[in-house]
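Note sheet for the following structure.
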There are 2 protein chains.
Amino acid sequence: MGKMRADAVRNRRLLLDAAAAEFAEHGTEVSIARIAARAGIGKGTVFRHFATKEQLMAAIFGDQLDRLSDAGEALMGSADPGGALLEFMAGAIELQCADRSFCQAVTANTRQDPQVRAASDRLVAVADALTAHARRAGAVRDDATGHDVVLLINGVSQATAPLGDAVPGIWRRYLGLVFDGLRPEAAHPLPVPSPRSLAPESAPMPGSASVPAPDSDPVPPD
Amino acid sequence: MGKMRADAVRNRRLLLDAAAAEFAEHGTEVSIARIAARAGIGKGTVFRHFATKEQLMAAIFGDQLDRLSDAGEALMGSADPGGALLEFMAGAIELQCADRSFCQAVTANTRQDPQVRAASDRLVAVADALTAHARRAGAVRDDATGHDVVLLINGVSQATAPLGDAVPGIWRRYLGLVFDGLRPEAAHPLPVPSPRSLAPESAPMPGSASVPAPDSDPVPPD
DNA sequence: ACCTGAACACCGTTCAAGT
DNA sequence: ACCTGAACACCGTTCAAGT
């Protein structure tokens with residue numbers, strides 16, 4: 001890890017910055033050639049640092065999740081836990097809506113990536129802490145969890161982001177609606193318990209090599 | 001419209017059925033070659049019926065929106081308007097989660113398509129009627145609209161669908177949470193009014209030629 | 001070790017040749 | 001009028017040749 005050549009670490013940084021900017025502006029369908037050109041490196045160099053375009057997406061997606069976690073941690077000591085939770089959700093949604101690739105990354109298979117999984121776990125932990133504070137302050141219902149908060153953030157972002165710049169602050173309306181659902185006043189019992197992990201597949205047992213999806217082949221053999 | 005050759009209408013139906021099935025099973029990234037093979041037609045024939053893969057997606061997406069509208073209309077005479085609205089949302093989310101392409105279609109530029117726009121408008125109208133009934137019955141808050149309901153359906157679907165089959169009925173939890181936000185009990189004033197249209201761009205003024213969509217015809221004239 | 005661009009494979013789209 | 005598969009363009013990925 002620490003024994004990378006100087007030009008390699010420099011190129012890696014240039015690549016990550018260029019890719020993040022291109023993805024944010026144009027979505028994940030930008031070509032690798034364009035990203036490499038922006039970074040000032042060769043196409044082949046991209047694949048020396050990331051085996052696949054999806055892994056590059058995962059690295060950037062993970063970084064952004066970490067930024068959300070940082071923002072959440074900064075709010076953890078607040079005197080108004082309910083307001084802090086609302087502010088956390090607002091900041092996360094706003095950031096996601098400003099980045100065209102964010103919602104695409106969530107839908108993609110990026111969740112399988114270990115870095116993304118780790119960043120996602122941290123974000124859930126931060127959300128859990130904020131939610132617990134708000135719950136103790138009576139601002140949110142007893143059965144609300146950090147998983148719920150993260151998932152609701154995603155839902156509001158994904159549903160409002162494609163509306164684009166047509167109605168700039170429209171996500172605030174739906175954050176308001178969803179947050180009202182988190183309040184204790186209207187709480188009705190929920191039919192299903194909160195999930196343990198946001199990952200699609202169960203965590204691999206220690207000792208079992210994580211084998212990728214068996215039927216990932218688009219064309220079936222004959 | 002009515003003067004298509006017999007084999008053309010037959011092929012069009014085969015194509016739509018095959019594409020719908022493939023998209024539902026594997027998402028929108030399935031190749032045109034695979035869809036054509038399943039339909040038993042040549043690749044080129046696909047592009048005779050739809051100028052682009054995205055237009056094919058739009059046609060199928062529009063059909064599915066119409067199915068949601070049908071289901072909603074069947075619930076309109078219910079004696080329990082609140083329950084009918086909840087059931088409408090549940091059915092829509094369940095259908096979306098069963099179809100891998102649904103969420104991808106929402107994110108894509110499919111919204112520009114006139115057929116999709118029409119189907120979307122109808123769905124909003126149905127949701128508006130159901131919401132108005134539920135509102136009058138005191139089951140939902142005064143400021144909730146059909147747009148809100150459709151958008152919340154999308155949010156729950158998009159946020160829970162990628163979790164996949166790991167937690168089969170997890171969407172029921174988030175529908176419950178979101179629906180609690182629609183109840184009058186916890187209603188706090190919302191900072192932004194409900195949008196008029198779900199389309200990303202504003203409707204063109206009468207007399208101004210809408211530039212971006214050059215050809216609304218599924219079969220281009222020659 | 002790492003960088004690079006030419007070469008490869010795949011897929012959406014076009015089109016000349018068929019009926 | 002419509003169908004078809006070969007041909008084209010584009011893009012992700014690989015690799016032999018460079019430093």
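Chains: A, B, ... in order of the structure tokens. Residues: from 1 per chain. Ligands: from 1, in order shown.
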
### Task
Compute the set of chain C residues within 9 Å of chain A, using only C-alpha atoms (C1' of nucleotides), and express it as a ChimeraX atom specification.
/C:1-5

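Close contacts of DA7 (chain C), defined as residues with an atom at most 12 Å away when counting only C-alpha atoms (C1' of nucleotides), with chain neighbours fewer than 4 positions off set aside, comprise DT13, DT14, DC15 and DA16 of chain D.
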
Pull out every residue of chain A sitting within 7 Å of chain B, counting only C-alpha atoms, and send them as a PDB file with N, CA and C atoms, in the first residue's frame.
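To be explicit, this is the file written out as iface_7.pdb:
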```pdb
ATOM      1  N   THR A 107     -28.136   2.584  -7.389  1.00  0.00           N
ATOM      2  CA  THR A 107     -28.861   1.545  -8.119  1.00  0.00           C
ATOM      3  C   THR A 107     -27.918   0.464  -8.634  1.00  0.00           C
ATOM      4  N   LEU A 151     -32.143   5.023   4.533  1.00  0.00           N
ATOM      5  CA  LEU A 151     -32.967   4.579   3.414  1.00  0.00           C
ATOM      6  C   LEU A 151     -33.961   5.660   2.980  1.00  0.00           C
ATOM      7  N   ASN A 154     -32.191   8.218   0.910  1.00  0.00           N
ATOM      8  CA  ASN A 154     -32.050   7.719  -0.457  1.00  0.00           C
ATOM      9  C   ASN A 154     -33.345   7.859  -1.234  1.00  0.00           C
ATOM     10  N   GLY A 155     -34.431   7.474  -0.617  1.00  0.00           N
ATOM     11  CA  GLY A 155     -35.717   7.529  -1.299  1.00  0.00           C
ATOM     12  C   GLY A 155     -36.070   8.937  -1.745  1.00  0.00           C
ATOM     13  N   VAL A 156     -35.929   9.893  -0.848  1.00  0.00           N
ATOM     14  CA  VAL A 156     -36.255  11.281  -1.204  1.00  0.00           C
ATOM     15  C   VAL A 156     -35.316  11.774  -2.304  1.00  0.00           C
ATOM     16  N   GLN A 158     -33.611  10.014  -4.579  1.00  0.00           N
ATOM     17  CA  GLN A 158     -33.815   9.349  -5.859  1.00  0.00           C
ATOM     18  C   GLN A 158     -35.115   9.785  -6.513  1.00  0.00           C
ATOM     19  N   ALA A 159     -36.124  10.049  -5.697  1.00  0.00           N
ATOM     20  CA  ALA A 159     -37.413  10.427  -6.270  1.00  0.00           C
ATOM     21  C   ALA A 159     -37.414  11.866  -6.764  1.00  0.00           C
ATOM     22  N   PRO A 162     -34.336  13.257 -10.279  1.00  0.00           N
ATOM     23  CA  PRO A 162     -34.637  13.299 -11.717  1.00  0.00           C
ATOM     24  C   PRO A 162     -35.526  14.464 -12.124  1.00  0.00           C
ATOM     25  N   LEU A 163     -36.235  15.084 -11.177  1.00  0.00           N
ATOM     26  CA  LEU A 163     -36.992  16.288 -11.518  1.00  0.00           C
ATOM     27  C   LEU A 163     -36.038  17.419 -11.871  1.00  0.00           C
ATOM     28  N   GLY A 164     -34.812  17.288 -11.424  1.00  0.00           N
ATOM     29  CA  GLY A 164     -33.758  18.189 -11.842  1.00  0.00           C
ATOM     30  C   GLY A 164     -33.946  19.616 -11.358  1.00  0.00           C
ATOM     31  N   ALA A 166     -35.859  21.810 -12.465  1.00  0.00           N
ATOM     32  CA  ALA A 166     -37.160  22.390 -12.772  1.00  0.00           C
ATOM     33  C   ALA A 166     -37.766  23.043 -11.531  1.00  0.00           C
ATOM     34  N   ILE A 170     -37.496  21.305  -4.372  1.00  0.00           N
ATOM     35  CA  ILE A 170     -38.649  20.438  -4.165  1.00  0.00           C
ATOM     36  C   ILE A 170     -38.368  19.331  -3.156  1.00  0.00           C
ATOM     37  N   ARG A 172     -37.172  19.561  -0.373  1.00  0.00           N
ATOM     38  CA  ARG A 172     -37.512  20.004   0.983  1.00  0.00           C
ATOM     39  C   ARG A 172     -38.942  19.636   1.348  1.00  0.00           C
ATOM     40  N   ARG A 173     -39.822  19.668   0.345  1.00  0.00           N
ATOM     41  CA  ARG A 173     -41.203  19.271   0.602  1.00  0.00           C
ATOM     42  C   ARG A 173     -41.285  17.808   1.049  1.00  0.00           C
ATOM     43  N   GLY A 176     -39.825  17.060   4.382  1.00  0.00           N
ATOM     44  CA  GLY A 176     -40.813  17.445   5.396  1.00  0.00           C
ATOM     45  C   GLY A 176     -41.863  16.371   5.592  1.00  0.00           C
ATOM     46  N   LEU A 177     -42.396  15.872   4.495  1.00  0.00           N
ATOM     47  CA  LEU A 177     -43.421  14.823   4.573  1.00  0.00           C
ATOM     48  C   LEU A 177     -42.878  13.570   5.247  1.00  0.00           C
ATOM     49  N   VAL A 178     -41.699  13.147   4.825  1.00  0.00           N
ATOM     50  CA  VAL A 178     -41.108  11.923   5.363  1.00  0.00           C
ATOM     51  C   VAL A 178     -40.746  12.108   6.842  1.00  0.00           C
ATOM     52  N   PHE A 179     -40.251  13.268   7.172  1.00  0.00           N
ATOM     53  CA  PHE A 179     -39.878  13.501   8.564  1.00  0.00           C
ATOM     54  C   PHE A 179     -41.104  13.501   9.471  1.00  0.00           C
ATOM     55  N   ASP A 180     -42.217  14.001   8.952  1.00  0.00           N
ATOM     56  CA  ASP A 180     -43.458  13.928   9.728  1.00  0.00           C
ATOM     57  C   ASP A 180     -43.827  12.478  10.016  1.00  0.00           C
ATOM     58  N   GLY A 181     -43.461  11.572   9.095  1.00  0.00           N
ATOM     59  CA  GLY A 181     -43.706  10.154   9.324  1.00  0.00           C
ATOM     60  C   GLY A 181     -42.817   9.567  10.399  1.00  0.00           C
ATOM     61  N   LEU A 182     -41.701  10.246  10.666  1.00  0.00           N
ATOM     62  CA  LEU A 182     -40.793   9.774  11.720  1.00  0.00           C
ATOM     63  C   LEU A 182     -41.214  10.280  13.103  1.00  0.00           C
ATOM     64  N   ARG A 183     -42.106  11.269  13.149  1.00  0.00           N
ATOM     65  CA  ARG A 183     -42.509  11.826  14.445  1.00  0.00           C
ATOM     66  C   ARG A 183     -43.377  10.834  15.210  1.00  0.00           C
ATOM     67  N   GLU A 185     -46.130  11.436  16.827  1.00  0.00           N
ATOM     68  CA  GLU A 185     -47.561  11.757  16.862  1.00  0.00           C
ATOM     69  C   GLU A 185     -48.410  10.845  15.990  1.00  0.00           C
ATOM     70  N   ALA A 186     -47.924  10.549  14.776  1.00  0.00           N
ATOM     71  CA  ALA A 186     -48.747   9.778  13.838  1.00  0.00           C
ATOM     72  C   ALA A 186     -48.305   8.329  13.737  1.00  0.00           C
ATOM     73  N   ALA A 187     -47.421   7.902  14.638  1.00  0.00           N
ATOM     74  CA  ALA A 187     -46.817   6.572  14.516  1.00  0.00           C
ATOM     75  C   ALA A 187     -47.850   5.458  14.638  1.00  0.00           C
ATOM     76  N   HIS A 188     -47.940   4.654  13.589  1.00  0.00           N
ATOM     77  CA  HIS A 188     -48.705   3.407  13.629  1.00  0.00           C
ATOM     78  C   HIS A 188     -47.703   2.267  13.594  1.00  0.00           C
ATOM     79  N   LEU A 190     -45.375  -0.658  12.610  1.00  0.00           N
ATOM     80  CA  LEU A 190     -44.866  -1.037  11.294  1.00  0.00           C
ATOM     81  C   LEU A 190     -44.883  -2.556  11.150  1.00  0.00           C
ATOM     82  N   PRO A 191     -45.230  -3.056   9.955  1.00  0.00           N
ATOM     83  CA  PRO A 191     -45.436  -4.497   9.778  1.00  0.00           C
ATOM     84  C   PRO A 191     -44.142  -5.307   9.696  1.00  0.00           C
ATOM     85  N   VAL A 192     -43.013  -4.651   9.458  1.00  0.00           N
ATOM     86  CA  VAL A 192     -41.739  -5.348   9.216  1.00  0.00           C
ATOM     87  C   VAL A 192     -40.653  -4.674  10.048  1.00  0.00           C
ATOM     88  N   LEU A 198     -27.809  -2.782   4.941  1.00  0.00           N
ATOM     89  CA  LEU A 198     -28.351  -2.270   3.682  1.00  0.00           C
ATOM     90  C   LEU A 198     -27.835  -3.050   2.495  1.00  0.00           C
ATOM     91  N   ALA A 199     -26.850  -3.933   2.723  1.00  0.00           N
ATOM     92  CA  ALA A 199     -26.275  -4.678   1.605  1.00  0.00           C
ATOM     93  C   ALA A 199     -27.280  -5.700   1.092  1.00  0.00           C
ATOM     94  N   PRO A 200     -27.291  -5.934  -0.233  1.00  0.00           N
ATOM     95  CA  PRO A 200     -28.266  -6.848  -0.826  1.00  0.00           C
ATOM     96  C   PRO A 200     -28.025  -8.300  -0.414  1.00  0.00           C
ATOM     97  N   GLU A 201     -26.771  -8.722  -0.310  1.00  0.00           N
ATOM     98  CA  GLU A 201     -26.461 -10.088   0.085  1.00  0.00           C
ATOM     99  C   GLU A 201     -26.025 -10.115   1.545  1.00  0.00           C
TER     100      GLU A 201
END
```

### Task
Any chance you could list, as number ranges by chain, the residues in region 112-172 of chain B that come up helix (DSSP H, G or I) when DSSP is run on the backbone?
B: 112, 114-136, 146-166, 170-172

### Query
Any idea what the distance is between CA of Ala59 (chain A) and CA of Val116 (chain A)?
7.2 Å

### Task
Write out as a ChimeraX atom specification which residues come within 10 Å of Gln64 (chain B) when counting only C-alpha atoms (C1' of nucleotides), dropping same-chain ones fewer than 3 positions away.
/B:20,58-61,67-70,92,95-96,99,102,116,119

### Message
Report, in Å to a single decimal, how far apart CA of Gln55 (chain B) and CA of Asp113 (chain B) are.
### Response
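Interatomic distance, CA of Asp113 (chain B) to CA of Gln55 (chain B): 7.5 Å.
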
#### Entry: Computed interatomic separation between CA of Val126 (chain A) and CA of Ala105 (chain A) (Å)
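That distance, rounded to one decimal, is 20.8 Å.
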